[in-house]
>>> print(open('work24.cif').read())   # mmCIF, C-alpha atoms
data_coords
#
loop_
_atom_site.label_atom_id
_atom_site.label_comp_id
_atom_site.auth_asym_id
_atom_site.auth_seq_id
_atom_site.Cartn_x
_atom_site.Cartn_y
_atom_site.Cartn_z
CA MET S 1 42.81 -18.13 33.25
CA LEU S 2 45.44 -18.61 30.55
CA LEU S 3 44.96 -15.02 29.40
CA ASN S 4 45.42 -13.88 32.99
CA PHE S 5 48.60 -15.97 33.06
CA LEU S 6 49.85 -14.21 29.92
CA ASP S 7 49.13 -10.78 31.41
CA ALA S 8 50.86 -11.73 34.68
CA LEU S 9 53.97 -12.89 32.81
CA ARG S 10 54.16 -9.60 30.93
CA ALA S 11 53.65 -7.62 34.14
CA ALA S 12 56.55 -9.53 35.69
CA GLY S 13 58.86 -8.54 32.84
CA ILE S 14 58.75 -11.81 30.87
CA ASN S 15 58.36 -11.07 27.17
CA ALA S 16 55.46 -13.40 26.43
CA SER S 17 53.83 -12.83 23.01
CA ILE S 18 50.49 -13.83 21.51
CA LYS S 19 52.38 -16.17 19.19
CA GLU S 20 53.77 -18.08 22.15
CA HIS S 21 50.35 -18.08 23.80
CA LEU S 22 48.77 -19.63 20.70
CA LEU S 23 51.58 -22.18 20.55
CA LEU S 24 50.79 -23.22 24.13
CA LEU S 25 47.08 -23.58 23.30
CA GLU S 26 47.89 -25.66 20.22
CA ALA S 27 50.11 -27.97 22.26
CA LEU S 28 47.35 -28.45 24.83
CA ASP S 29 44.78 -29.07 22.07
CA ARG S 30 46.97 -31.80 20.55
CA ASP S 31 47.56 -33.49 23.94
CA VAL S 32 51.34 -33.34 23.68
CA ILE S 33 51.53 -33.69 27.48
CA ALA S 34 49.71 -35.62 30.11
CA ARG S 35 47.03 -33.52 31.79
CA THR S 36 48.87 -33.03 35.06
CA PRO S 37 49.92 -29.80 36.79
CA GLN S 38 53.58 -30.81 36.61
CA ASP S 39 53.58 -31.46 32.85
CA PHE S 40 51.66 -28.22 32.20
CA TYR S 41 54.22 -26.30 34.27
CA TYR S 42 57.15 -27.60 32.20
CA LEU S 43 55.31 -27.04 28.91
CA ALA S 44 54.45 -23.44 29.82
CA ARG S 45 57.98 -22.77 31.03
CA ALA S 46 59.52 -24.15 27.83
CA THR S 47 57.11 -22.06 25.74
CA TYR S 48 57.44 -18.70 27.46
CA VAL S 49 60.91 -18.58 29.05
CA LYS S 50 63.88 -17.97 26.73
CA ASP S 51 66.36 -16.78 29.37
CA GLU S 52 67.27 -19.01 32.34
CA GLY S 53 67.70 -15.85 34.42
CA LEU S 54 63.88 -15.52 34.29
CA LEU S 55 63.12 -19.04 35.54
CA ASP S 56 62.62 -18.01 39.15
CA ARG S 57 60.41 -15.09 38.11
CA PHE S 58 58.33 -17.50 36.00
CA ASP S 59 57.95 -19.85 38.98
CA GLN S 60 56.60 -17.02 41.13
CA VAL S 61 54.06 -15.98 38.49
CA PHE S 62 52.99 -19.58 37.89
CA ALA S 63 52.45 -20.19 41.61
CA LYS S 64 50.49 -16.96 42.00
CA VAL S 65 48.19 -17.50 39.01
CA PHE S 66 47.50 -21.21 39.32
CA LYS S 67 48.11 -21.76 43.01
CA GLY S 68 49.49 -25.09 41.77
CA VAL S 69 51.69 -27.55 43.55
CA LEU S 70 54.18 -29.97 42.03
CA ASP S 71 54.45 -33.33 43.71
CA GLN S 72 57.60 -33.69 45.78
CA ASP S 73 59.88 -36.55 44.76
CA GLY S 74 60.18 -39.36 47.23
CA VAL S 75 56.57 -39.67 48.44
CA GLU S 76 54.61 -42.34 46.63
CA ALA S 77 50.97 -41.35 46.47
CA ASP S 78 48.54 -40.07 43.85
CA ILE S 79 46.97 -36.95 45.36
CA PRO S 80 44.28 -35.40 43.11
CA GLU S 81 45.03 -31.80 42.23
CA GLU S 82 41.62 -30.54 43.38
CA TRP S 83 42.36 -31.67 46.94
CA LEU S 84 45.20 -29.18 47.05
CA ARG S 85 42.97 -26.18 46.45
CA LEU S 86 42.27 -24.15 49.52
CA VAL S 87 38.46 -24.08 49.66
CA ALA S 88 38.03 -22.54 53.09
CA GLU S 89 40.40 -21.05 55.62
CA LYS S 90 39.82 -21.85 59.24
CA TYR S 91 41.26 -19.47 61.79
CA LEU S 92 41.34 -20.83 65.31
CA SER S 93 41.63 -18.97 68.57
CA PRO S 94 44.67 -19.63 70.82
CA GLU S 95 42.38 -21.61 73.14
CA GLU S 96 41.25 -23.86 70.27
CA MET S 97 44.84 -24.37 69.15
CA GLU S 98 45.81 -25.52 72.64
CA LYS S 99 43.18 -28.26 72.46
CA ILE S 100 44.72 -29.75 69.32
CA LYS S 101 47.18 -32.47 70.32
CA SER S 102 50.24 -33.55 68.38
CA LEU S 103 50.30 -37.11 67.06
CA GLY S 104 53.62 -37.82 68.73
CA ASP S 105 57.14 -38.32 67.44
CA TRP S 106 58.48 -38.37 63.88
CA ASP S 107 57.97 -42.09 63.26
CA GLU S 108 54.33 -41.96 64.37
CA ILE S 109 53.54 -38.99 62.13
CA MET S 110 55.07 -40.52 58.99
CA GLU S 111 53.51 -43.94 59.66
CA THR S 112 50.09 -42.34 60.19
CA LEU S 113 50.42 -40.40 56.93
CA LYS S 114 51.14 -43.66 55.08
CA LYS S 115 48.01 -45.27 56.57
CA ARG S 116 45.81 -42.26 55.80
CA LEU S 117 46.94 -42.30 52.16
CA GLU S 118 45.95 -45.96 51.93
CA GLU S 119 42.58 -45.50 53.68
CA GLN S 120 41.29 -42.19 52.33
CA LYS S 121 39.28 -42.41 49.12
CA GLY S 122 37.79 -38.93 48.71
CA ARG S 123 38.33 -35.23 49.10
CA HIS S 124 38.10 -33.72 52.58
CA GLN S 125 38.11 -30.27 54.14
CA GLY S 126 37.77 -28.73 57.58
CA GLY S 127 38.29 -31.91 59.59
CA ASN S 128 40.74 -33.22 62.14
CA LYS S 129 41.84 -36.56 60.67
CA TRP S 130 41.87 -36.90 56.88
CA ILE S 131 44.21 -35.24 54.39
CA GLY S 132 42.54 -32.01 53.30
CA THR S 133 42.29 -28.26 53.73
CA GLY S 134 41.31 -25.79 56.40
CA GLY S 135 41.10 -28.20 59.29
CA THR S 136 43.11 -29.45 62.26
CA SER S 137 44.42 -32.66 60.71
CA PRO S 138 48.23 -33.13 60.75
CA PHE S 139 48.09 -33.63 56.97
CA GLY S 140 47.11 -31.09 54.31
CA HIS S 141 47.25 -27.29 54.41
CA GLY S 142 45.36 -24.15 55.27
CA GLY S 143 44.48 -25.17 58.82
CA TYR S 144 46.40 -25.62 62.06
CA ASN S 145 48.17 -28.47 63.81
CA PRO S 146 51.15 -28.29 66.21
CA GLU S 147 53.20 -30.41 63.82
CA GLY S 148 52.35 -32.17 60.60
CA VAL S 149 53.07 -32.74 56.92
CA ARG S 150 52.06 -29.82 54.69
CA ILE S 151 50.69 -31.09 51.36
CA GLY S 152 50.53 -28.11 49.03
CA GLY S 153 49.34 -24.62 49.94
CA GLU S 154 51.33 -21.93 51.69
CA SER S 155 53.04 -22.05 55.06
CA ARG S 156 51.03 -20.16 57.69
CA HIS S 157 52.13 -21.22 61.17
CA LYS S 158 55.64 -22.53 60.27
CA ARG S 159 54.90 -25.82 62.08
CA ALA S 160 55.16 -28.39 59.26
CA ILE S 161 57.82 -31.07 59.73
CA LYS S 162 57.80 -32.12 56.06
CA VAL S 163 56.57 -30.29 52.97
CA TRP S 164 54.99 -31.96 49.98
CA GLU S 165 55.90 -29.28 47.50
CA LYS S 166 58.74 -28.71 45.06
CA ARG S 167 60.05 -25.17 45.07
CA GLU S 168 62.55 -23.41 42.84
CA PHE S 169 64.95 -21.14 44.71
CA ALA S 170 66.63 -18.09 43.19
CA ASN S 171 70.38 -17.55 43.33
CA LEU S 172 71.51 -14.53 45.33
CA ASP S 173 72.84 -11.70 43.18
CA ASN S 174 76.34 -10.62 44.21
CA SER S 175 76.29 -7.71 41.75
CA LYS S 176 73.51 -5.98 43.68
CA GLU S 177 74.46 -2.47 44.76
CA LEU S 178 74.29 -1.91 48.49
CA GLY S 179 71.79 0.55 49.82
CA THR S 180 74.26 1.24 52.64
CA ARG S 181 78.01 0.82 53.11
CA ASN S 182 77.59 -0.06 56.78
CA ILE S 183 77.74 -3.81 56.16
CA LYS S 184 81.07 -3.45 54.38
CA VAL S 185 82.41 -1.32 57.19
CA ALA S 186 81.39 -3.96 59.75
CA LEU S 187 82.97 -6.79 57.72
CA ARG S 188 86.27 -4.93 57.50
CA ARG S 189 87.01 -5.82 61.11
CA LEU S 190 87.79 -9.31 59.80
CA ARG S 191 90.42 -8.16 57.32
CA ARG S 192 94.08 -9.18 57.69
CA PHE S 193 96.30 -7.82 54.94
CA ALA S 194 99.31 -9.65 53.53
CA ARG S 195 101.49 -9.54 50.43
CA GLU S 196 101.47 -12.90 48.67
CA GLY S 197 102.06 -14.16 45.16
CA ALA S 198 104.11 -12.77 42.26
CA ALA S 199 105.95 -9.44 42.59
CA ASP S 200 103.96 -7.52 40.00
CA GLU S 201 103.33 -4.19 41.76
CA LEU S 202 105.76 -1.23 41.76
CA ASP S 203 107.22 -0.55 45.21
CA LEU S 204 107.70 3.20 44.85
CA ASP S 205 109.39 3.81 48.23
CA GLU S 206 111.99 1.05 47.74
CA THR S 207 112.56 2.13 44.15
CA ILE S 208 113.40 5.68 45.30
CA ARG S 209 115.68 4.40 48.08
CA GLY S 210 117.46 1.96 45.78
CA THR S 211 117.94 4.55 43.05
CA ALA S 212 119.39 7.08 45.52
CA ARG S 213 121.69 4.45 47.02
CA GLN S 214 122.91 2.94 43.73
CA GLY S 215 123.09 6.08 41.62
CA TRP S 216 121.01 4.59 38.81
CA LEU S 217 117.36 3.65 38.32
CA ASP S 218 116.76 0.65 40.59
CA ILE S 219 113.19 -0.53 40.07
CA ARG S 220 111.79 -2.66 42.93
CA MET S 221 108.61 -4.75 42.65
CA ARG S 222 106.45 -6.37 45.35
CA PRO S 223 103.41 -8.68 45.58
CA GLU S 224 100.01 -7.03 45.64
CA ARG S 225 98.61 -6.34 49.09
CA HIS S 226 95.26 -8.03 49.69
CA ASN S 227 93.02 -9.36 52.40
CA ALA S 228 94.48 -12.72 53.40
CA VAL S 229 91.42 -13.91 55.36
CA LYS S 230 89.82 -17.06 53.94
CA LEU S 231 86.05 -17.24 54.27
CA LEU S 232 83.47 -20.02 53.89
CA LEU S 233 79.92 -18.68 53.56
CA PHE S 234 76.89 -21.01 53.88
CA LEU S 235 73.61 -19.36 52.87
CA ASP S 236 70.16 -20.67 53.77
CA VAL S 237 67.80 -20.06 50.85
CA GLY S 238 64.10 -20.52 50.14
CA GLY S 239 61.03 -20.99 52.34
CA SER S 240 61.08 -18.82 55.47
CA MET S 241 64.22 -17.05 54.17
CA ASP S 242 62.31 -15.40 51.28
CA PRO S 243 61.49 -12.21 53.27
CA PHE S 244 65.22 -11.73 53.92
CA VAL S 245 66.48 -12.08 50.34
CA THR S 246 67.33 -8.38 49.94
CA LEU S 247 69.22 -8.26 53.23
CA CYS S 248 71.16 -11.43 52.37
CA GLU S 249 71.99 -10.09 48.92
CA GLU S 250 73.47 -7.00 50.52
CA LEU S 251 75.58 -9.14 52.84
CA PHE S 252 76.61 -11.41 49.96
CA SER S 253 77.56 -8.44 47.80
CA ALA S 254 79.58 -6.85 50.61
CA ALA S 255 81.41 -10.10 51.42
CA THR S 256 82.23 -10.69 47.75
CA GLY S 257 83.80 -7.26 47.54
CA GLU S 258 85.75 -7.51 50.79
CA PHE S 259 87.17 -11.05 50.66
CA LYS S 260 89.25 -12.31 47.76
CA ASN S 261 89.49 -15.81 49.22
CA MET S 262 85.78 -16.54 49.68
CA GLU S 263 83.80 -19.65 48.85
CA PHE S 264 80.02 -19.81 49.20
CA PHE S 265 77.46 -22.61 49.21
CA TYR S 266 73.69 -22.83 49.57
CA PHE S 267 71.68 -25.04 51.92
CA HIS S 268 68.03 -25.18 53.00
CA ASN S 269 67.04 -24.88 56.67
CA CYS S 270 69.85 -27.01 58.12
CA LEU S 271 73.19 -28.36 56.94
CA TYR S 272 73.06 -31.95 55.67
CA GLU S 273 75.26 -34.26 53.60
CA GLY S 274 75.07 -32.08 50.48
CA VAL S 275 75.11 -28.39 49.52
CA TRP S 276 75.06 -26.63 46.16
CA LYS S 277 76.36 -23.61 44.23
CA ASP S 278 73.44 -23.05 41.84
CA ASN S 279 69.86 -23.12 43.13
CA ARG S 280 68.50 -24.00 39.70
CA ARG S 281 70.49 -27.24 39.85
CA ARG S 282 70.26 -27.95 43.55
CA PHE S 283 68.91 -31.47 43.03
CA SER S 284 71.20 -32.48 40.17
CA GLU S 285 74.53 -30.86 41.09
CA ARG S 286 75.06 -31.29 44.81
CA ILE S 287 78.44 -31.09 46.47
CA PRO S 288 79.11 -33.54 49.32
CA THR S 289 79.57 -31.65 52.58
CA TRP S 290 82.40 -34.04 53.51
CA ASP S 291 84.33 -32.85 50.44
CA ILE S 292 84.08 -29.25 51.60
CA LEU S 293 85.19 -30.06 55.15
CA HIS S 294 88.23 -31.89 53.73
CA LYS S 295 89.08 -29.46 50.94
CA TYR S 296 89.17 -26.17 52.84
CA GLY S 297 91.67 -25.90 55.68
CA HIS S 298 91.02 -25.18 59.34
CA ASP S 299 92.27 -21.61 58.85
CA TYR S 300 89.07 -20.68 57.00
CA LYS S 301 86.51 -18.55 58.85
CA LEU S 302 83.02 -20.10 58.68
CA ILE S 303 79.81 -18.06 58.54
CA PHE S 304 76.30 -19.54 58.37
CA VAL S 305 73.47 -17.21 57.33
CA GLY S 306 69.93 -18.41 58.09
CA ASP S 307 66.85 -17.73 60.21
CA ALA S 308 67.13 -21.14 61.97
CA ALA S 309 63.33 -21.49 61.62
CA MET S 310 62.38 -25.10 60.93
CA SER S 311 60.89 -28.20 62.45
CA PRO S 312 63.02 -29.45 65.37
CA TYR S 313 63.03 -32.86 63.66
CA GLU S 314 65.20 -31.39 60.87
CA ILE S 315 67.93 -30.89 63.45
CA SER S 316 67.46 -33.89 65.70
CA HIS S 317 66.28 -36.79 63.49
CA PRO S 318 67.58 -38.70 60.47
CA GLY S 319 64.99 -38.27 57.72
CA GLY S 320 63.86 -34.99 59.27
CA SER S 321 64.65 -32.82 56.24
CA VAL S 322 61.58 -31.39 54.52
CA GLU S 323 63.07 -32.19 51.11
CA HIS S 324 64.79 -35.56 51.28
CA MET S 325 65.42 -38.55 53.52
CA ASN S 326 68.72 -37.58 55.14
CA GLU S 327 70.64 -40.46 56.69
CA GLU S 328 72.14 -38.32 59.45
CA ALA S 329 70.47 -35.61 61.51
CA GLY S 330 71.26 -31.97 60.84
CA ALA S 331 72.80 -31.64 64.32
CA VAL S 332 75.50 -34.15 63.34
CA TRP S 333 76.58 -32.04 60.34
CA LEU S 334 76.47 -28.76 62.26
CA ARG S 335 78.75 -30.21 64.95
CA ARG S 336 81.18 -31.44 62.29
CA ALA S 337 81.30 -28.02 60.62
CA PHE S 338 81.90 -26.11 63.85
CA GLN S 339 84.50 -28.63 65.01
CA THR S 340 86.36 -28.45 61.69
CA TYR S 341 86.46 -24.64 61.72
CA PRO S 342 87.13 -23.22 65.21
CA ALA S 343 86.40 -19.68 63.98
CA ALA S 344 82.71 -20.02 63.10
CA VAL S 345 79.50 -18.03 63.68
CA TRP S 346 75.84 -18.02 62.63
CA LEU S 347 74.18 -14.78 61.41
CA ASN S 348 70.40 -14.73 61.84
CA PRO S 349 68.32 -12.20 59.82
CA ALA S 350 65.23 -12.76 61.99
CA ALA S 351 64.57 -10.26 64.77
CA GLN S 352 66.51 -11.27 67.87
CA ALA S 353 63.45 -10.62 70.04
CA HIS S 354 61.71 -13.55 68.31
CA TRP S 355 64.46 -16.13 68.79
CA GLY S 356 63.10 -17.28 72.12
CA TYR S 357 59.82 -18.37 70.53
CA SER S 358 61.52 -20.80 68.12
CA GLN S 359 62.52 -24.22 69.45
CA SER S 360 64.77 -24.87 66.45
CA THR S 361 66.63 -21.60 67.01
CA LYS S 362 67.29 -22.55 70.63
CA MET S 363 68.55 -25.99 69.54
CA ILE S 364 71.00 -24.51 67.04
CA ARG S 365 72.24 -21.93 69.54
CA ASP S 366 72.94 -24.75 71.99
CA LEU S 367 74.75 -26.78 69.32
CA ILE S 368 77.08 -23.92 68.35
CA ASN S 369 77.74 -22.66 71.90
CA ASP S 370 75.58 -19.57 71.45
CA ARG S 371 77.66 -18.19 68.58
CA MET S 372 74.53 -16.86 66.85
CA TYR S 373 74.34 -13.13 66.09
CA PRO S 374 71.60 -10.98 64.54
CA LEU S 375 72.14 -9.85 60.96
CA THR S 376 72.39 -6.20 61.96
CA ILE S 377 75.35 -3.83 61.92
CA THR S 378 75.89 -4.39 65.64
CA GLY S 379 75.45 -8.15 65.24
CA ILE S 380 77.90 -8.37 62.32
CA ASP S 381 80.42 -6.33 64.30
CA ALA S 382 80.10 -8.71 67.28
CA ALA S 383 80.38 -11.74 64.97
CA MET S 384 83.58 -10.37 63.39
CA ARG S 385 85.06 -9.89 66.88
CA GLU S 386 84.26 -13.54 67.63
CA LEU S 387 85.90 -14.72 64.40
CA THR S 388 89.10 -12.77 65.14
CA ARG S 389 89.30 -13.91 68.76
CA LYS S 390 92.50 -15.82 69.59
CA ARG S 391 91.95 -19.50 70.34
#
>>> encode(input="work24.cif", output="structure tokens")
Amino acid sequence: MLLNFLDALRAAGINASIKEHLLLLEALDRDVIARTPQDFYYLARATYVKDEGLLDRFDQVFAKVFKGVLDQDGVEADIPEEWLRLVAEKYLSPEEMEKIKSLGDWDEIMETLKKRLEEQKGRHQGGNKWIGTGGTSPFGHGGYNPEGVRIGGESRHKRAIKVWEKREFANLDNSKELGTRNIKVALRRLRRFAREGAADELDLDETIRGTARQGWLDIRMRPERHNAVKLLLFLDVGGSMDPFVTLCEELFSAATGEFKNMEFFYFHNCLYEGVWKDNRRRFSERIPTWDILHKYGHDYKLIFVGDAAMSPYEISHPGGSVEHMNEEAGAVWLRRAFQTYPAAVWLNPAAQAHWGYSQSTKMIRDLINDRMYPLTITGIDAAMRELTRKR
């Protein structure tokens, strides 16, 4: 398996040598780490990765080769690694899915999980109660339940209300060349040009007029003309947004080129009390959302970019976030953002025809007075019209 890992790293463009491979084997042989998936992950990453720009690529290769899961901080339980391996997939018919009942509200689900962790003593698969794989229990992965806590594995039905899995998200690349200029053209509807700052640009017309009028060379200068629109961009990243990375990079690249006064921040699923600028440091270097709402004036235009696909609890309940125990519900923070910035919209990269099947999408649309637009050329154009509308 380790040789397969080495080959996969090389195929992904990570320059992993035999020397580094032997160094990893020697470290394992000398027991320099505890024999846990998390410690092995950090040891392998420190051995093979020499450029932090390759960290996200390493994470993808590691997940693909080992199918491993790192314990999520904040949940106190010792789950054996072998439980998290998907032994058998169980595909249920729509009729069978209808027969599976939800446990109830958020508090009941989390309290039941706590009790199951205390009671369960062995591995389980294919059932409807214990934590395991391939069944209909609300806890585990690889099966189906209307709502539950995914422990490891991959998301299949997008119904989990909390995820026991630590993921590394990649920063969007604003240097990416656009495959089309249409996004830039659509964003230009938002431009409002003004001349501000120091007079450091030659005003040729006034220079000619002044020279003709005075009879000697009369050089006139003026401030540079630039787009005076101020933009706040909030980008959902990771999880269900992974299929839309290329599209979001194109939007990000276009916005960076069009707006001089632009600030961007990342969030995951829904806005909460903290956002971040660097996805590699999203747990250690968070920026309080309150600071942003107070720092940037009401004249900023606000754009959220996200598929709005999440558990409804993430929007409606404190503690509903899949990654941390948030003290206030996501709906509270969304209302604050849209009240602070009257000119605000939400761009959704998911197909508009699918919005009606997502309860969370409907909730967000209601919260923001239906100011959600598809991330298409037509949708961006309509969103820019909304942002420039007089209030």
>>> closest_residue(input="work24.cif", among="S:Glu273, S:Glu250, S:Asp366, S:Asp203", to="Ala337 in chain S", atoms="all atoms listed in the file")
S:Glu273
>>> residues_near_point(input="work24.cif", point="(65.5, -16.7, 64.2)", cutoff="6 Å", atoms="all atoms listed in the file", output="ChimeraX atom specification")
/S:307-309,348,350,355,361
>>> atom_distance(input="work24.cif", atom1="CA of Gly319 in chain S", atom2="CA of Thr289 in chain S")
16.8 Å
>>> closest_residue(input="work24.cif", among="S:Val345, S:Ile14, S:Ile315, S:Leu24", to="Leu43 in chain S", atoms="all atoms listed in the file")
S:Leu24
>>> resolve_selection(input="work24.cif", expression="the PyMOL selection byres ((chain S and resi 274) around 7)", output="list in words")
Tyr272, Glu273, Val275, Trp276, Arg286, Ile287, Pro288 and Thr289 of chain S
>>> closest_residue(input="work24.cif", among="S:His268, S:Lys230, S:His317, S:His354", to="Asp242 in chain S", atoms="only C-alpha atoms")
S:His268
>>> closest_residue(input="work24.cif", among="S:Ala44, S:Leu232, S:Ala34, S:Leu55", to="Gly13 in chain S", atoms="all atoms listed in the file")
S:Leu55
>>> residues_around(input="work24.cif", residues="Asp51 in chain S", least_positions_apart="5", cutoff="12 Å", atoms="all atoms listed in the file", output="list in words")
Gly13, Ile14, Asn15, Ala16, Arg45, Ala46, Asp56, Arg57 and Phe58 of chain S
>>> write_last_selection(input="work24.cif", atoms="C-alpha atoms", output="tab-separated table (two decimals), in the coordinates of the input")
chain	number	residue	atom	x	y	z
S	13	GLY	CA	58.86	-8.54	32.84
S	14	ILE	CA	58.75	-11.81	30.87
S	15	ASN	CA	58.36	-11.07	27.17
S	16	ALA	CA	55.46	-13.40	26.43
S	45	ARG	CA	57.98	-22.77	31.03
S	46	ALA	CA	59.52	-24.15	27.83
S	56	ASP	CA	62.62	-18.01	39.15
S	57	ARG	CA	60.41	-15.09	38.11
S	58	PHE	CA	58.33	-17.50	36.00
>>> closest_residue(input="work24.cif", among="S:Lys295, S:Lys260, S:Arg30, S:Arg188", to="Ile377 in chain S", atoms="all atoms listed in the file")
S:Arg188
>>> resolve_selection(input="work24.cif", expression="the PyMOL selection byres ((chain S and resi 343) around 9)", output="ChimeraX atom specification")
/S:298-303,338,341-342,344-345,386-389,391
>>> write_last_selection(input="work24.cif", atoms="C-alpha atoms", output="PDB file, keeping the file's coordinate frame")
ATOM      1  CA  HIS S 298      91.020 -25.180  59.340  1.00  0.00           C
ATOM      2  CA  ASP S 299      92.270 -21.610  58.850  1.00  0.00           C
ATOM      3  CA  TYR S 300      89.070 -20.680  57.000  1.00  0.00           C
ATOM      4  CA  LYS S 301      86.510 -18.550  58.850  1.00  0.00           C
ATOM      5  CA  LEU S 302      83.020 -20.100  58.680  1.00  0.00           C
ATOM      6  CA  ILE S 303      79.810 -18.060  58.540  1.00  0.00           C
ATOM      7  CA  PHE S 338      81.900 -26.110  63.850  1.00  0.00           C
ATOM      8  CA  TYR S 341      86.460 -24.640  61.720  1.00  0.00           C
ATOM      9  CA  PRO S 342      87.130 -23.220  65.210  1.00  0.00           C
ATOM     10  CA  ALA S 344      82.710 -20.020  63.100  1.00  0.00           C
ATOM     11  CA  VAL S 345      79.500 -18.030  63.680  1.00  0.00           C
ATOM     12  CA  GLU S 386      84.260 -13.540  67.630  1.00  0.00           C
ATOM     13  CA  LEU S 387      85.900 -14.720  64.400  1.00  0.00           C
ATOM     14  CA  THR S 388      89.100 -12.770  65.140  1.00  0.00           C
ATOM     15  CA  ARG S 389      89.300 -13.910  68.760  1.00  0.00           C
ATOM     16  CA  ARG S 391      91.950 -19.500  70.340  1.00  0.00           C
TER      17      ARG S 391
END
>>> atom_distance(input="work24.cif", atom1="CA of Leu204 in chain S", atom2="CA of Phe259 in chain S")
25.7 Å
>>> build_atoms(input="work24.cif", residues="range 286-298 of chain S", atoms="N, CA, C and O atoms", output="mmCIF file, keeping the file's coordinate frame")
data_model
loop_
_atom_site.group_PDB
_atom_site.id
_atom_site.type_symbol
_atom_site.label_atom_id
_atom_site.label_comp_id
_atom_site.auth_asym_id
_atom_site.auth_seq_id
_atom_site.Cartn_x
_atom_site.Cartn_y
_atom_site.Cartn_z
ATOM 1 N N ARG S 286 74.738 -31.491 43.390
ATOM 2 C CA ARG S 286 75.060 -31.290 44.810
ATOM 3 C C ARG S 286 76.519 -31.598 45.085
ATOM 4 O O ARG S 286 77.116 -32.458 44.433
ATOM 5 N N ILE S 287 77.052 -30.893 46.056
ATOM 6 C CA ILE S 287 78.440 -31.090 46.470
ATOM 7 C C ILE S 287 78.439 -31.743 47.841
ATOM 8 O O ILE S 287 77.824 -31.211 48.770
ATOM 9 N N PRO S 288 79.087 -32.891 48.004
ATOM 10 C CA PRO S 288 79.110 -33.540 49.320
ATOM 11 C C PRO S 288 79.726 -32.623 50.379
ATOM 12 O O PRO S 288 80.788 -32.032 50.161
ATOM 13 N N THR S 289 79.061 -32.500 51.503
ATOM 14 C CA THR S 289 79.570 -31.650 52.580
ATOM 15 C C THR S 289 80.916 -32.155 53.085
ATOM 16 O O THR S 289 81.796 -31.358 53.458
ATOM 17 N N TRP S 290 81.117 -33.474 53.092
ATOM 18 C CA TRP S 290 82.400 -34.040 53.510
ATOM 19 C C TRP S 290 83.535 -33.490 52.643
ATOM 20 O O TRP S 290 84.639 -33.206 53.148
ATOM 21 N N ASP S 291 83.286 -33.366 51.335
ATOM 22 C CA ASP S 291 84.330 -32.850 50.440
ATOM 23 C C ASP S 291 84.741 -31.430 50.815
ATOM 24 O O ASP S 291 85.923 -31.080 50.754
ATOM 25 N N ILE S 292 83.775 -30.623 51.203
ATOM 26 C CA ILE S 292 84.080 -29.250 51.600
ATOM 27 C C ILE S 292 84.891 -29.217 52.891
ATOM 28 O O ILE S 292 85.881 -28.494 53.011
ATOM 29 N N LEU S 293 84.487 -30.033 53.866
ATOM 30 C CA LEU S 293 85.190 -30.060 55.150
ATOM 31 C C LEU S 293 86.628 -30.541 54.987
ATOM 32 O O LEU S 293 87.508 -30.179 55.775
ATOM 33 N N HIS S 294 86.877 -31.387 53.968
ATOM 34 C CA HIS S 294 88.230 -31.890 53.730
ATOM 35 C C HIS S 294 89.046 -30.998 52.804
ATOM 36 O O HIS S 294 90.272 -30.957 52.887
ATOM 37 N N LYS S 295 88.372 -30.264 51.938
ATOM 38 C CA LYS S 295 89.080 -29.460 50.940
ATOM 39 C C LYS S 295 89.609 -28.150 51.507
ATOM 40 O O LYS S 295 90.726 -27.732 51.202
ATOM 41 N N TYR S 296 88.797 -27.490 52.324
ATOM 42 C CA TYR S 296 89.170 -26.170 52.840
ATOM 43 C C TYR S 296 89.743 -26.301 54.240
ATOM 44 O O TYR S 296 89.137 -26.909 55.126
ATOM 45 N N GLY S 297 90.922 -25.714 54.445
ATOM 46 C CA GLY S 297 91.670 -25.900 55.680
ATOM 47 C C GLY S 297 91.018 -25.285 56.901
ATOM 48 O O GLY S 297 90.080 -24.483 56.809
ATOM 49 N N HIS S 298 91.563 -25.648 58.075
ATOM 50 C CA HIS S 298 91.020 -25.180 59.340
ATOM 51 C C HIS S 298 91.200 -23.670 59.527
ATOM 52 O O HIS S 298 90.588 -23.088 60.431
#
